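Below: the structure, in structure tokens.
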Number of protein chains: 2
Amino acid sequence: MQTPISAYKRLTYYRKKSMIPDKVKEILKKDGIVAIATLGQDGPHLVNTWNSYVRISADGRLLIPAGYMHRTEANVAFNPEVLITLGSSKVEGLRGAGTGFLIKGKAAFITSGPDFDLLKSSFPWLRATLAVTPESFTQTL
Amino acid sequence: MQTPISAYKRLTYYRKKSMIPDKVKEILKKDGIVAIATLGQDGPHLVNTWNSYVRISADGRLLIPAGYMHRTEANVAFNPEVLITLGSSKVEGLRGAGTGFLIKGKAAFITSGPDFDLLKSSFPWLRATLAVTPESFTQTL
């Protein structure tokens with residue numbers, strides 16, 4: 001199912017259907033911070049959320065509550081490609097304790113409907129759901 | 001010394017001399033993961049290190065051991081501007097528990113001399129020191 005392939009590729013899982021690597025799910029259960037990079041006309045921008053805030057939709061997207069993230073939203077409108085990193089020193093990685101992933105995907109801001117409502121119940125302050133459809137997961141640590 | 005100024009600016013500390021905000025130093029003492037974004041000709045790239053790996057030089061630069069980070073190095077040669085985020089749920093932030101910072105700075109890869117030797121003793125696997133001269137620190141959480 002999750003087929004690792006050679007060198008760089010050895011560590012990269014390409015998305016098939018609603019697949020999120022189990023290690024990523026494990027990381028999301030641990031305390032930690034997530035970084036989300038976007039590219040706009042003014043250059044790259046980086047924002048954070050907590051591991052514990054990220055939800056996985058039934059079809060394998062990452063759903064992230066956006067409280068502010070105005071510049072990220074503007075960047076995504078310009079270029080939907082996002083890079084996400086997350087990790088935990090408490091999950092076993094490639095070289096012992098600690099693992100991290102680089103996720104490439106395409107993002108959208110959603111302000112109504114089921115993807116919004118799902119998060120609204122847990123995060124009453126959210127103004128939008130940042131929904132990321134992952135294209136690849138690279139284990140970096 | 002650390003003068004917070006209005007709205008966005010309220011949260012942003014501009015660098016004066018060798019100043020690193022105390023909150024950033026506190027975060028670096030906690031378990032967590034750091035994200036480093038660079039921009040190359042192929043677009044943005046994101047890598048990670050651990051909070052515990054970051055050292056602060058006497059003149060207030062962030063010194064980060066680079067084991068791989070080849071694409072980051074290539075990007076920095078193309079454009080030295082980097083964005084760094086770090087945070088900890090264990091340090092008090094703007095809205096209670098948990099804080100994070102966005103750091104903008106300029107980066108260089110250093111492969112010999114004191115900045116290299118300083119890290120080499122702790123990280124025998126490093127191939128270079130990624131030295132970041134911070135220009136601003138924005139507390140985001």
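In the structure tokens, chains take letters A, B, ... by order of appearance, with residues numbered from 1 within each chain and ligands from 1 in the order shown.
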Interface, chain B side, toward chain A (9 Å; only C-alpha atoms) as an NGL selection string: :B and (31-39 or 43-48 or 50 or 82-89 or 100-102 or 140-141)
Using only C-alpha atoms, determine which residues lie at most 7 Å from Arg55 of chain A, disregarding the query and same-chain residues fewer than 4 positions distant; provide the list as a list of chain:residue names. A:Leu62, A:Leu63, A:Ile64
Same residues, N, CA, C and O atoms, output as a compact mmCIF listing (two decimals), in the first residue's frame:
```
# COMPACT_ATOMS: atom_id res chain seq x y z
N LEU A 62 -5.98 16.93 4.99
CA LEU A 62 -5.68 17.51 6.30
C LEU A 62 -6.55 18.75 6.47
O LEU A 62 -6.52 19.64 5.61
N LEU A 63 -7.30 18.81 7.55
CA LEU A 63 -8.18 19.95 7.81
C LEU A 63 -7.62 20.72 9.00
O LEU A 63 -7.44 20.16 10.09
N ILE A 64 -7.32 21.98 8.77
CA ILE A 64 -6.61 22.81 9.76
C ILE A 64 -7.45 24.06 10.05
O ILE A 64 -7.86 24.75 9.11
```
Determine which residues of chain A DSSP labels as alpha helix (DSSP H) from the backbone of this structure, then write them out as a PyMOL selection string. chain A and resi 7-10+22-28+70-78+114-120
Gap from atom CA of Lys120 of chain A to atom CA of Ala108 of chain A - Å, one decimal: 16.5 Å
In Å to one decimal, how far is atom CA of Thr133 of chain B from atom CA of Phe116 of chain B?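 For atom CA of Phe116 of chain B relative to atom CA of Thr133 of chain B, the distance reads 15.2 Å.
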Write out as a PyMOL selection string each polymer residue whose atoms come within 6 Å of Ala66 of chain B, counting only C-alpha atoms; drop sequence neighbours fewer than 4 positions from it. chain B and resi 126-129
Requested write-out: C-alpha atoms of the selected residues, as a short mmCIF file (atom, residue, chain, number, x, y, z; two decimals), in the first residue's frame:
```cif
data_model
loop_
_atom_site.label_atom_id
_atom_site.label_comp_id
_atom_site.auth_asym_id
_atom_site.auth_seq_id
_atom_site.Cartn_x
_atom_site.Cartn_y
_atom_site.Cartn_z
CA LEU B 126 27.28 17.85 10.67
CA ARG B 127 28.64 18.85 7.30
CA ALA B 128 28.02 22.57 7.76
CA THR B 129 26.68 25.15 10.17
#
```
Measuring atom to atom with only C-alpha atoms, identify which of A:Ile27, A:Ser122, A:Pro134, A:Asp42 is nearest to Arg71 of chain A.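 Closest to Arg71 of chain A, using only C-alpha atoms: A:Asp42.
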How many Å lie between atom CA of Glu135 of chain A and atom CA of Val54 of chain A, rounded to one decimal?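 We find that atom CA of Glu135 of chain A and atom CA of Val54 of chain A lie 17.0 Å from each other.
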